[in-house]
$ cat entry-v3.tsv   # TSV, C-alpha atoms
chain	number	residue	atom	x	y	z
B	1	MET	CA	91.33	101.40	67.83
B	2	ALA	CA	92.88	102.40	69.70
B	3	VAL	CA	94.19	104.22	71.18
B	4	LEU	CA	92.94	107.52	73.77
B	5	ALA	CA	91.27	109.28	76.43
B	6	HIS	CA	88.60	111.87	76.40
B	7	PRO	CA	88.29	114.37	79.23
B	8	VAL	CA	85.64	113.13	81.62
B	9	ARG	CA	83.03	115.56	82.73
B	10	PRO	CA	83.04	116.17	86.46
B	11	ASP	CA	79.98	115.47	88.53
B	12	ARG	CA	77.52	118.29	88.75
B	13	PRO	CA	77.27	119.93	92.18
B	14	GLY	CA	74.55	118.45	94.27
B	15	ARG	CA	74.16	115.40	92.02
B	16	SER	CA	76.34	112.87	93.84
B	17	GLY	CA	73.54	110.31	93.90
B	18	PRO	CA	71.67	108.65	96.74
B	19	SER	CA	73.51	107.41	99.78
B	20	VAL	CA	74.04	103.70	100.32
B	21	GLY	CA	74.23	102.64	103.94
B	22	GLY	CA	74.64	106.28	104.95
B	23	ILE	CA	77.64	106.75	102.63
B	24	ARG	CA	77.35	108.71	99.41
B	25	PRO	CA	78.67	106.80	96.35
B	26	GLY	CA	81.42	109.35	95.79
B	27	ALA	CA	82.72	108.96	99.34
B	28	ARG	CA	83.93	105.39	98.83
B	29	ARG	CA	87.19	104.89	96.93
B	30	PRO	CA	87.04	108.53	95.71
B	31	ALA	CA	90.21	108.11	93.61
B	32	LEU	CA	88.36	105.66	91.39
B	33	ARG	CA	85.36	107.89	90.73
B	34	PRO	CA	86.70	109.72	87.63
B	35	LEU	CA	88.25	106.54	86.20
B	36	GLY	CA	86.58	106.09	82.82
B	37	PRO	CA	86.91	103.42	80.09
B	38	GLN	CA	89.53	105.54	78.32
B	39	TRP	CA	92.11	104.19	80.77
B	40	TYR	CA	92.31	101.02	78.70
B	41	ALA	CA	94.03	103.08	75.98
B	42	PRO	CA	97.52	102.87	77.59
B	43	VAL	CA	97.10	99.08	77.68
B	44	MET	CA	96.35	99.01	73.97
B	45	GLY	CA	99.15	101.42	73.16
B	46	THR	CA	101.68	99.35	75.09
B	47	ALA	CA	100.64	95.93	73.80
B	48	ILE	CA	100.80	97.05	70.16
B	49	VAL	CA	104.47	98.01	70.58
B	50	ALA	CA	105.31	94.39	71.38
B	51	THR	CA	103.16	92.99	68.57
B	52	ALA	CA	104.42	95.48	66.00
B	53	GLY	CA	108.04	94.95	67.01
B	54	ALA	CA	107.70	91.20	66.55
B	55	ALA	CA	106.05	91.71	63.14
B	56	LEU	CA	108.78	93.90	61.64
B	57	PRO	CA	110.25	92.35	58.47
B	58	PRO	CA	112.75	90.85	58.80
B	59	THR	CA	112.31	90.15	62.49
B	60	PRO	CA	115.71	90.63	64.16
B	61	PRO	CA	116.36	88.24	67.07
B	62	GLY	CA	118.17	90.84	69.18
B	63	PRO	CA	115.32	93.09	70.37
B	64	ARG	CA	112.89	90.22	71.08
B	65	PRO	CA	113.53	90.26	74.87
B	66	LEU	CA	112.58	93.94	74.74
B	67	TRP	CA	109.24	93.10	73.10
B	68	VAL	CA	108.70	90.47	75.79
B	69	ALA	CA	109.29	93.10	78.48
B	70	VAL	CA	106.82	95.46	76.80
B	71	TRP	CA	104.24	92.66	76.60
B	72	ALA	CA	104.71	91.96	80.33
B	73	LEU	CA	104.17	95.65	81.07
B	74	SER	CA	100.95	95.64	79.04
B	75	ALA	CA	99.71	92.53	80.87
B	76	VAL	CA	100.37	94.15	84.25
B	77	ALA	CA	98.67	97.35	83.08
B	78	LEU	CA	95.65	95.36	81.90
B	79	ALA	CA	95.34	93.62	85.26
B	80	ALA	CA	95.62	96.96	87.08
B	81	VAL	CA	93.00	98.69	84.92
B	82	LEU	CA	90.62	95.72	85.12
B	83	GLY	CA	90.86	95.82	88.91
B	84	ALA	CA	90.42	99.58	89.08
B	85	ARG	CA	87.45	99.54	86.73
B	86	ALA	CA	85.85	96.73	88.74
B	87	GLY	CA	86.20	98.93	91.82
B	88	HIS	CA	84.72	101.83	89.88
B	89	TRP	CA	81.61	99.83	88.97
B	90	LEU	CA	81.35	98.47	92.51
B	91	HIS	CA	81.69	101.75	94.40
B	92	HIS	CA	80.62	104.35	91.82
B	93	ARG	CA	77.89	102.70	89.80
B	94	ASP	CA	76.09	106.01	89.37
B	95	GLN	CA	79.15	107.53	87.73
B	96	ALA	CA	79.65	104.45	85.55
B	97	ARG	CA	76.08	104.80	84.29
B	98	ALA	CA	76.67	108.52	83.75
B	99	HIS	CA	79.65	107.67	81.55
B	100	LEU	CA	77.43	105.49	79.36
B	101	LEU	CA	74.90	108.30	79.01
B	102	ASP	CA	77.56	110.92	78.29
B	103	PRO	CA	78.01	111.16	74.49
B	104	ALA	CA	81.58	112.38	75.00
B	105	VAL	CA	82.62	109.36	77.09
B	106	ALA	CA	80.46	106.45	75.93
B	107	PRO	CA	82.39	105.76	72.68
B	108	PHE	CA	85.46	104.98	74.79
B	109	TYR	CA	83.77	101.74	75.80
B	110	GLY	CA	85.32	100.50	72.57
B	111	CYS	CA	88.68	100.55	74.35
B	112	PRO	CA	88.14	97.64	76.84
B	113	PRO	CA	87.62	94.92	74.21
B	114	MET	CA	90.53	96.24	72.15
B	115	ALA	CA	92.77	96.16	75.23
B	116	LEU	CA	91.86	92.52	75.88
B	117	LEU	CA	92.48	91.61	72.25
B	118	ALA	CA	95.74	93.57	72.01
B	119	VAL	CA	97.23	91.88	75.07
B	120	GLY	CA	96.02	88.50	73.81
B	121	ALA	CA	97.73	89.05	70.46
B	122	ALA	CA	100.97	90.12	72.13
B	123	THR	CA	100.81	87.10	74.45
B	124	LEU	CA	100.76	84.69	71.54
B	125	ALA	CA	103.32	86.68	69.54
B	126	VAL	CA	106.02	87.14	72.21
B	127	GLY	CA	104.59	86.20	75.61
B	128	ARG	CA	105.01	82.51	74.85
B	129	ASP	CA	108.75	83.01	75.29
B	130	VAL	CA	108.00	83.31	79.00
B	131	LEU	CA	104.75	81.39	79.49
B	132	GLY	CA	105.36	78.55	77.09
B	133	GLU	CA	103.23	77.93	74.02
B	134	GLY	CA	100.45	76.06	75.82
B	135	ALA	CA	99.85	78.68	78.49
B	136	ALA	CA	100.22	81.53	76.01
B	137	LEU	CA	97.65	79.89	73.73
B	138	ALA	CA	95.21	79.48	76.62
B	139	VAL	CA	95.57	83.12	77.66
B	140	ALA	CA	95.27	84.34	74.08
B	141	ALA	CA	92.16	82.22	73.45
B	142	VAL	CA	90.43	83.46	76.60
B	143	LEU	CA	91.25	87.09	75.85
B	144	PHE	CA	90.17	86.66	72.23
B	145	GLY	CA	86.83	85.15	73.24
B	146	ALA	CA	86.12	87.77	75.89
B	147	GLY	CA	87.35	90.63	73.72
B	148	THR	CA	85.32	89.54	70.69
B	149	LEU	CA	82.12	89.13	72.69
B	150	LEU	CA	82.58	92.54	74.31
B	151	ALA	CA	83.48	94.08	70.93
B	152	LEU	CA	80.18	92.90	69.46
B	153	VAL	CA	78.28	94.25	72.46
B	154	VAL	CA	79.80	97.73	72.21
B	155	ALA	CA	79.57	97.78	68.40
B	156	VAL	CA	75.79	97.50	68.79
B	157	GLY	CA	75.23	99.05	72.20
B	158	ILE	CA	77.06	102.36	71.82
B	159	PRO	CA	75.49	103.26	68.44
B	160	TYR	CA	72.13	102.32	69.98
B	161	LEU	CA	72.72	104.78	72.81
B	162	MET	CA	73.81	107.42	70.31
B	163	VAL	CA	70.53	106.98	68.43
B	164	VAL	CA	68.07	106.81	71.32
B	165	ARG	CA	69.77	108.76	74.12
B	166	HIS	CA	72.74	110.87	73.03
B	167	ARG	CA	71.32	112.39	69.83
B	168	PRO	CA	74.57	114.21	68.90
B	169	ALA	CA	74.67	116.94	66.28
B	170	LEU	CA	76.97	116.92	63.25
B	171	ARG	CA	79.25	119.48	64.88
B	172	ASP	CA	79.82	116.92	67.66
B	173	ALA	CA	81.15	114.29	65.23
B	174	SER	CA	84.53	113.04	66.42
B	175	PRO	CA	86.99	110.29	65.52
B	176	VAL	CA	86.24	108.75	68.94
B	177	TRP	CA	82.93	107.63	67.44
B	178	LEU	CA	84.96	105.05	65.53
B	179	LEU	CA	86.21	103.29	68.67
B	180	PRO	CA	83.26	100.94	69.27
B	181	LEU	CA	83.04	100.21	65.54
B	182	VAL	CA	86.70	99.29	65.07
B	183	ALA	CA	86.76	96.86	68.01
B	184	PRO	CA	85.43	93.93	65.89
B	185	MET	CA	88.16	94.70	63.34
B	186	VAL	CA	90.76	94.06	66.04
B	187	SER	CA	89.13	90.66	66.59
B	188	ALA	CA	89.35	90.01	62.86
B	189	ALA	CA	93.09	90.76	62.96
B	190	VAL	CA	93.80	88.70	66.10
B	191	GLY	CA	91.66	85.65	65.30
B	192	PRO	CA	93.78	84.28	62.43
B	193	SER	CA	96.68	83.57	64.80
B	194	LEU	CA	94.47	80.98	66.52
B	195	VAL	CA	93.48	79.18	63.31
B	196	PRO	CA	96.49	76.78	63.19
B	197	TYR	CA	95.67	75.51	66.69
B	198	LEU	CA	92.22	74.26	65.67
B	199	PRO	CA	91.59	70.87	64.05
B	200	ALA	CA	91.69	70.97	60.28
B	201	GLY	CA	88.29	71.19	58.64
B	202	GLN	CA	85.17	72.85	59.96
B	203	GLY	CA	86.81	74.46	63.00
B	204	ARG	CA	89.48	76.32	61.05
B	205	ALA	CA	87.10	77.34	58.28
B	206	ALA	CA	84.50	78.60	60.76
B	207	LEU	CA	87.03	80.79	62.59
B	208	LEU	CA	88.47	82.13	59.34
B	209	TYR	CA	85.10	83.03	57.86
B	210	GLY	CA	83.95	84.36	61.21
B	211	CYS	CA	86.89	86.75	61.21
B	212	TYR	CA	85.98	87.86	57.69
B	213	ALA	CA	82.45	88.55	58.96
B	214	LEU	CA	83.90	90.67	61.77
B	215	PHE	CA	86.06	92.44	59.18
B	216	GLY	CA	83.01	93.27	57.06
B	217	LEU	CA	80.93	94.33	60.05
B	218	SER	CA	83.54	96.78	61.21
B	219	LEU	CA	84.55	98.01	57.74
B	220	LEU	CA	81.04	98.87	56.57
B	221	ALA	CA	80.14	100.51	59.87
B	222	THR	CA	83.33	102.59	59.70
B	223	LEU	CA	82.59	103.64	56.13
B	224	THR	CA	79.25	105.05	57.27
B	225	MET	CA	80.79	106.98	60.17
B	226	LEU	CA	84.00	108.31	58.63
B	227	PRO	CA	82.24	110.74	56.24
B	228	LEU	CA	80.63	112.40	59.28
B	229	VAL	CA	84.07	112.98	60.79
B	230	LEU	CA	85.37	114.46	57.53
B	231	ALA	CA	82.28	116.63	57.13
B	232	ARG	CA	82.67	117.95	60.66
B	233	LEU	CA	86.29	118.95	60.03
B	234	VAL	CA	85.49	120.69	56.76
B	235	SER	CA	82.37	122.50	57.98
B	236	HIS	CA	83.37	123.34	61.58
B	237	GLY	CA	87.15	123.46	61.49
B	238	PRO	CA	89.77	121.73	63.66
B	239	PRO	CA	88.74	120.13	66.95
B	240	PRO	CA	89.61	121.76	70.31
B	241	LEU	CA	93.34	121.66	71.05
B	242	ALA	CA	93.10	118.94	73.70
B	243	LEU	CA	91.21	116.64	71.33
B	244	THR	CA	93.39	117.14	68.26
B	245	PRO	CA	95.41	113.92	68.85
B	246	ALA	CA	92.14	111.98	68.50
B	247	LEU	CA	92.41	112.58	64.74
B	248	PHE	CA	94.96	109.75	64.73
B	249	LEU	CA	92.16	107.35	65.65
B	250	VAL	CA	91.09	107.29	62.00
B	251	LEU	CA	94.30	105.36	61.29
B	252	GLY	CA	93.03	102.52	63.49
B	253	PRO	CA	90.43	100.99	61.16
B	254	LEU	CA	92.71	101.61	58.16
B	255	GLY	CA	95.78	99.90	59.56
B	256	GLN	CA	93.85	97.21	61.41
B	257	SER	CA	91.80	96.22	58.36
B	258	THR	CA	94.98	95.96	56.27
B	259	THR	CA	96.51	93.82	58.99
B	260	ALA	CA	93.39	91.65	59.17
B	261	VAL	CA	93.18	90.83	55.46
B	262	GLY	CA	96.89	90.02	55.40
B	263	ARG	CA	96.75	87.65	58.36
B	264	LEU	CA	93.56	86.03	57.13
B	265	ALA	CA	95.20	85.42	53.76
B	266	ASP	CA	98.18	83.81	55.50
B	267	MET	CA	95.91	81.28	57.21
B	268	ALA	CA	93.52	80.67	54.31
B	269	PRO	CA	95.51	77.78	52.72
B	270	SER	CA	95.26	75.69	55.89
B	271	ALA	CA	91.61	76.56	56.50
B	272	VAL	CA	89.79	76.71	53.16
B	273	GLY	CA	92.32	75.73	50.49
B	274	ALA	CA	91.93	76.36	46.76
B	275	PRO	CA	90.44	78.24	45.02
B	276	TYR	CA	89.54	80.66	47.81
B	277	ALA	CA	93.01	80.81	49.37
B	278	GLY	CA	94.51	82.32	46.22
B	279	ALA	CA	91.67	84.82	45.88
B	280	LEU	CA	91.98	85.88	49.50
B	281	SER	CA	95.73	86.36	49.10
B	282	ALA	CA	95.13	88.60	46.10
B	283	PHE	CA	92.45	90.50	48.04
B	284	ALA	CA	94.96	91.23	50.82
B	285	VAL	CA	97.10	93.16	48.32
B	286	VAL	CA	94.31	94.70	46.25
B	287	TYR	CA	92.64	96.00	49.41
B	288	GLY	CA	95.69	96.73	51.55
B	289	VAL	CA	97.75	98.86	49.15
B	290	PRO	CA	95.14	101.58	48.43
B	291	VAL	CA	93.97	101.67	52.05
B	292	THR	CA	97.57	102.15	53.16
B	293	GLY	CA	97.84	105.02	50.69
B	294	PHE	CA	94.81	106.69	52.27
B	295	ALA	CA	96.25	106.02	55.73
B	296	LEU	CA	99.43	107.89	54.78
B	297	LEU	CA	97.34	110.79	53.47
B	298	TRP	CA	95.39	110.94	56.73
B	299	LEU	CA	98.59	110.62	58.76
B	300	ALA	CA	100.00	113.68	57.00
B	301	LEU	CA	96.80	115.68	57.55
B	302	ALA	CA	96.47	114.68	61.20
B	303	ALA	CA	100.17	115.41	61.85
B	304	ALA	CA	99.81	118.87	60.32
B	305	LEU	CA	96.81	119.62	62.56
B	306	VAL	CA	98.72	118.36	65.60
B	307	VAL	CA	101.66	120.64	64.78
B	308	ARG	CA	99.18	123.51	64.49
B	309	ALA	CA	97.70	122.59	67.87
B	310	VAL	CA	101.13	122.39	69.52
B	311	ARG	CA	102.02	125.83	68.19
B	312	ARG	CA	98.80	127.15	69.73
B	313	GLY	CA	99.56	125.73	73.15
B	314	MET	CA	98.32	122.13	73.20
B	315	ARG	CA	99.51	120.40	76.37
B	316	PHE	CA	99.67	116.77	77.35
B	317	THR	CA	96.40	115.00	78.06
B	318	MET	CA	95.43	111.36	77.92
B	319	THR	CA	94.33	111.92	74.32
B	320	TRP	CA	98.00	111.60	73.41
B	321	TRP	CA	97.62	107.82	73.62
B	322	ALA	CA	95.82	108.19	70.29
B	323	PHE	CA	99.29	108.44	68.76
B	324	THR	CA	100.12	104.83	69.69
B	325	PHE	CA	97.68	102.02	68.90
B	326	PRO	CA	96.43	103.41	65.55
B	327	VAL	CA	100.00	103.92	64.33
B	328	GLY	CA	100.87	100.43	65.55
B	329	THR	CA	98.14	98.92	63.38
B	330	CYS	CA	99.68	100.70	60.39
B	331	VAL	CA	103.02	99.09	61.27
B	332	THR	CA	101.53	95.59	61.26
B	333	GLY	CA	99.57	96.38	58.09
B	334	ALA	CA	102.69	97.57	56.25
B	335	ALA	CA	104.63	94.54	57.51
B	336	GLY	CA	101.92	92.27	56.11
B	337	LEU	CA	102.05	94.00	52.75
B	338	ALA	CA	105.83	93.60	52.69
B	339	ALA	CA	105.40	89.86	53.14
B	340	HIS	CA	102.65	89.54	50.52
B	341	THR	CA	104.19	91.76	47.84
B	342	GLY	CA	107.89	91.22	48.48
B	343	LEU	CA	108.46	94.96	48.18
B	344	THR	CA	111.24	96.35	50.34
B	345	ALA	CA	109.46	99.71	50.30
B	346	PHE	CA	106.74	98.35	52.57
B	347	ALA	CA	109.36	96.94	54.95
B	348	TRP	CA	110.97	100.37	55.19
B	349	LEU	CA	107.55	101.94	55.70
B	350	ALA	CA	106.85	99.54	58.57
B	351	ALA	CA	110.21	100.39	60.15
B	352	ALA	CA	109.62	104.14	59.82
B	353	LEU	CA	106.15	103.90	61.31
B	354	PHE	CA	107.51	101.75	64.13
B	355	ALA	CA	110.00	104.49	64.99
B	356	VAL	CA	107.06	106.92	65.18
B	357	LEU	CA	105.17	104.44	67.36
B	358	VAL	CA	108.01	103.98	69.85
B	359	THR	CA	108.56	107.73	70.11
B	360	ALA	CA	104.85	108.37	70.63
B	361	TRP	CA	104.63	105.61	73.24
B	362	ALA	CA	107.59	107.02	75.19
B	363	VAL	CA	106.07	110.52	75.21
B	364	ALA	CA	102.60	109.31	76.20
B	365	ALA	CA	103.95	106.98	78.88
B	366	TRP	CA	106.15	109.70	80.38
B	367	GLY	CA	103.27	112.17	80.44
B	368	THR	CA	100.97	109.63	82.06
B	369	VAL	CA	103.45	108.61	84.75
B	370	ARG	CA	104.22	112.25	85.51
B	371	GLY	CA	100.49	113.01	85.70
B	372	LEU	CA	99.85	110.11	88.07
B	373	LEU	CA	102.73	111.04	90.34
B	374	GLY	CA	101.78	114.71	90.22
B	375	GLY	CA	98.15	114.04	91.10
B	376	SER	CA	96.61	115.40	87.89
B	377	LEU	CA	95.47	111.90	86.85
B	378	PRO	CA	93.17	109.94	86.89
B	379	GLY	CA	91.05	113.05	87.40
B	380	ALA	CA	90.60	114.96	84.18
B	381	PRO	CA	89.36	118.41	83.33
B	382	GLY	CA	85.91	119.06	81.98
B	383	THR	CA	85.11	118.90	78.31
B	384	PRO	CA	87.09	121.70	76.66
B	385	ALA	CA	85.27	124.66	75.26
B	386	PRO	CA	85.28	125.08	71.47
B	387	GLU	CA	88.48	126.63	70.19
B	388	PRO	CA	88.14	130.26	69.05
B	389	VAL	CA	88.21	130.60	65.30
B	390	ARG	CA	91.51	132.07	64.14
B	391	ALA	CA	92.94	132.46	60.72
B	392	GLY	CA	95.83	130.32	59.66
$ encode --input "entry-v3.tsv" --output "structure tokens"
Amino acid sequence: MAVLAHPVRPDRPGRSGPSVGGIRPGARRPALRPLGPQWYAPVMGTAIVATAGAALPPTPPGPRPLWVAVWALSAVALAAVLGARAGHWLHHRDQARAHLLDPAVAPFYGCPPMALLAVGAATLAVGRDVLGEGAALAVAAVLFGAGTLLALVVAVGIPYLMVVRHRPALRDASPVWLLPLVAPMVSAAVGPSLVPYLPAGQGRAALLYGCYALFGLSLLATLTMLPLVLARLVSHGPPPLALTPALFLVLGPLGQSTTAVGRLADMAPSAVGAPYAGALSAFAVVYGVPVTGFALLWLALAAALVVRAVRRGMRFTMTWWAFTFPVGTCVTGAAGLAAHTGLTAFAWLAAALFAVLVTAWAVAAWGTVRGLLGGSLPGAPGTPAPEPVRAG
């Protein structure tokens, strides 16, 4: 979920690592050195605009070429970030390892699998208008497979590092801790779109139930982590100004899980049939409606804290991408509920959230482009100091 960038800590003086062939690691491709995994967040935030736009009920035919253009932009961005991150690992392996061992940066390794999955979903939803259904299906299947495998790796690997290496305190709890845990939920939401392309029988049933397993894995892990985030807010107050947008990350597992159960219910009749298909359709509503209610509560709380942060001088950072992907998952979740319940209220909710998503994407994209052209990105400032406690 998904998504967001955390300020990357600069290298400590005198710790640039051993030289390789007489050249220090930081001396080769220096522009790539601060490039962390959080740079997949703009890919996620862009791809979800295309997917959410195509999912709006009813889907108007007019804007579809616009969603196709946004999908193409996300695909180009994914290719660019994949290439840059490959260069980062090739030329700055010491810094890449340092990112994994940094408790502030490591959770952002949940972003790469979600970026792959988000672009794959958008490819099958609107990219087929350009690629054709066969090519779009092949791309979506490859990205789904790679994204799901990587999602499982980070869902286990990052918590493992937190336990044995990072050892964070409760006051360090942050919504970014949810990123590696919500990645399998994105797989659970994307996988159902591939079900109709499998042969009827074991193949479809296996993919459907596999997606439900991914849903449960991510949901239960999120339910164990979310109370820590809430406890941190209540006991230690708001996060530092620059990290306040990360509060929107909590919307990711809420909206994505609602989207997942809705899409899985849509595909259940062709994969498992009665009596489970009817039960799964009912579960999509019984689960999705209350979770959407909590998502709206959290959205109001997070928005209020963001307004507070803006009034206290919060400026643009890459964390602003947290306003995009999580909100987009709420759009697709509300759209699914509109289809399953027939309530116009959910359709209007999806449209309202989509307007928020597009506005947030435009602001984040403008800030990122301006930062790149101005030279302030991809380098990022050090981890911000705790905000002074003030009343109000």
$ residues_around --input "entry-v3.tsv" --residues "Leu100 (chain B)" --least-positions-apart "6" --cutoff "10 Å" --atoms "only C-alpha atoms" --output "NGL selection string"
:B and (36-37 or 106-109 or 157-158 or 161-162 or 165-166)
$ residues_around --input "entry-v3.tsv" --residues "Leu226 (chain B)" --least-positions-apart "5" --cutoff "10 Å" --atoms "all atoms listed in the file" --output "ChimeraX atom specification"
/B:173-175,177-178,221,231-232,250
$ closest_residue --input "entry-v3.tsv" --among "B:Gly328, B:Gly333, B:Pro113, B:Pro159" --to "Ala183 (chain B)" --atoms "all atoms listed in the file"
B:Pro113
$ closest_residue --input "entry-v3.tsv" --among "B:Thr324, B:Thr123, B:Ser235, B:Ser193" --to "Asp172 (chain B)" --atoms "all atoms listed in the file"
B:Ser235
$ closest_residue --input "entry-v3.tsv" --among "B:Gly45, B:Gly237, B:Pro326, B:Pro57" --to "Leu343 (chain B)" --atoms "only C-alpha atoms"
B:Pro57
$ residues_near_point --input "entry-v3.tsv" --point "(96.0, 82.1, 58.3)" --cutoff "12 Å" --atoms "only C-alpha atoms" --output "ChimeraX atom specification"
/B:188-198,204-205,207-209,211-212,259-273,277,280-281,284,336
$ closest_residue --input "entry-v3.tsv" --among "B:Val356, B:Val306, B:Val182, B:Thr317" --to "Val369 (chain B)" --atoms "only C-alpha atoms"
B:Thr317
$ atom_distance --input "entry-v3.tsv" --atom1 "CA of Leu181 (chain B)" --atom2 "CA of Ala355 (chain B)"
27.3 Å
$ closest_residue --input "entry-v3.tsv" --among "B:Ala141, B:Ala364, B:Ala121, B:Thr244" --to "Ala41 (chain B)" --atoms "all atoms listed in the file"
B:Ala364
$ axis_aligned_box --input "entry-v3.tsv" --around "region 35-40 of chain B" --padding-each-side "3 Å" --output "JSON"
{"center_x": 89.4, "center_y": 103.8, "center_z": 82.3, "size_x": 11.7, "size_y": 11.5, "size_z": 13.9}
$ closest_residue --input "entry-v3.tsv" --among "B:Ala98, B:Val327, B:Val289, B:Leu247" --to "Leu301 (chain B)" --atoms "all atoms listed in the file"
B:Leu247
$ atom_distance --input "entry-v3.tsv" --atom1 "CA of Leu82 (chain B)" --atom2 "CA of Val186 (chain B)"
19.2 Å
$ atom_distance --input "entry-v3.tsv" --atom1 "CA of Val68 (chain B)" --atom2 "CA of Gly367 (chain B)"
22.8 Å
$ residues_around --input "entry-v3.tsv" --residues "Ala140 (chain B)" --least-positions-apart "2" --cutoff "9 Å" --atoms "all atoms listed in the file" --output "MDAnalysis selection string"
chainID B and resid 117 119:124 135:138 142:145 194
$ write_last_selection --input "entry-v3.tsv" --atoms "C-alpha atoms" --output "mmCIF file, keeping the file's coordinate frame"
data_model
loop_
_atom_site.group_PDB
_atom_site.id
_atom_site.type_symbol
_atom_site.label_atom_id
_atom_site.label_comp_id
_atom_site.auth_asym_id
_atom_site.auth_seq_id
_atom_site.Cartn_x
_atom_site.Cartn_y
_atom_site.Cartn_z
ATOM 1 C CA LEU B 117 92.480 91.610 72.250
ATOM 2 C CA VAL B 119 97.230 91.880 75.070
ATOM 3 C CA GLY B 120 96.020 88.500 73.810
ATOM 4 C CA ALA B 121 97.730 89.050 70.460
ATOM 5 C CA ALA B 122 100.970 90.120 72.130
ATOM 6 C CA THR B 123 100.810 87.100 74.450
ATOM 7 C CA LEU B 124 100.760 84.690 71.540
ATOM 8 C CA ALA B 135 99.850 78.680 78.490
ATOM 9 C CA ALA B 136 100.220 81.530 76.010
ATOM 10 C CA LEU B 137 97.650 79.890 73.730
ATOM 11 C CA ALA B 138 95.210 79.480 76.620
ATOM 12 C CA VAL B 142 90.430 83.460 76.600
ATOM 13 C CA LEU B 143 91.250 87.090 75.850
ATOM 14 C CA PHE B 144 90.170 86.660 72.230
ATOM 15 C CA GLY B 145 86.830 85.150 73.240
ATOM 16 C CA LEU B 194 94.470 80.980 66.520
#
$ build_atoms --input "entry-v3.tsv" --residues "region 87-100 of chain B" --atoms "N, CA and C atoms" --output "compact mmCIF listing (two decimals), keeping the file's coordinate frame"
# COMPACT_ATOMS: atom_id res chain seq x y z
N GLY B 87 86.48 98.11 90.65
CA GLY B 87 86.20 98.93 91.82
C GLY B 87 85.33 100.12 91.50
N HIS B 88 85.54 100.69 90.31
CA HIS B 88 84.72 101.83 89.88
C HIS B 88 83.26 101.42 89.77
N TRP B 89 82.99 100.29 89.12
CA TRP B 89 81.61 99.83 88.97
C TRP B 89 81.02 99.42 90.32
N LEU B 90 81.85 98.91 91.21
CA LEU B 90 81.35 98.47 92.51
C LEU B 90 81.00 99.64 93.41
N HIS B 91 81.86 100.64 93.46
CA HIS B 91 81.69 101.75 94.40
C HIS B 91 81.08 103.00 93.79
N HIS B 92 81.10 103.12 92.46
CA HIS B 92 80.62 104.35 91.82
C HIS B 92 79.73 103.99 90.63
N ARG B 93 78.76 103.16 90.88
CA ARG B 93 77.89 102.70 89.80
C ARG B 93 77.14 103.85 89.15
N ASP B 94 76.80 104.86 89.94
CA ASP B 94 76.09 106.01 89.37
C ASP B 94 76.96 106.73 88.35
N GLN B 95 78.25 106.86 88.66
CA GLN B 95 79.15 107.53 87.73
C GLN B 95 79.40 106.67 86.50
N ALA B 96 79.46 105.34 86.69
CA ALA B 96 79.65 104.45 85.55
C ALA B 96 78.47 104.55 84.59
N ARG B 97 77.26 104.62 85.14
CA ARG B 97 76.08 104.80 84.29
C ARG B 97 76.11 106.17 83.61
N ALA B 98 76.57 107.19 84.34
CA ALA B 98 76.67 108.52 83.75
C ALA B 98 77.64 108.54 82.58
N HIS B 99 78.72 107.76 82.66
CA HIS B 99 79.65 107.67 81.55
C HIS B 99 78.96 107.10 80.31
N LEU B 100 78.13 106.08 80.49
CA LEU B 100 77.43 105.49 79.36
C LEU B 100 76.46 106.47 78.72
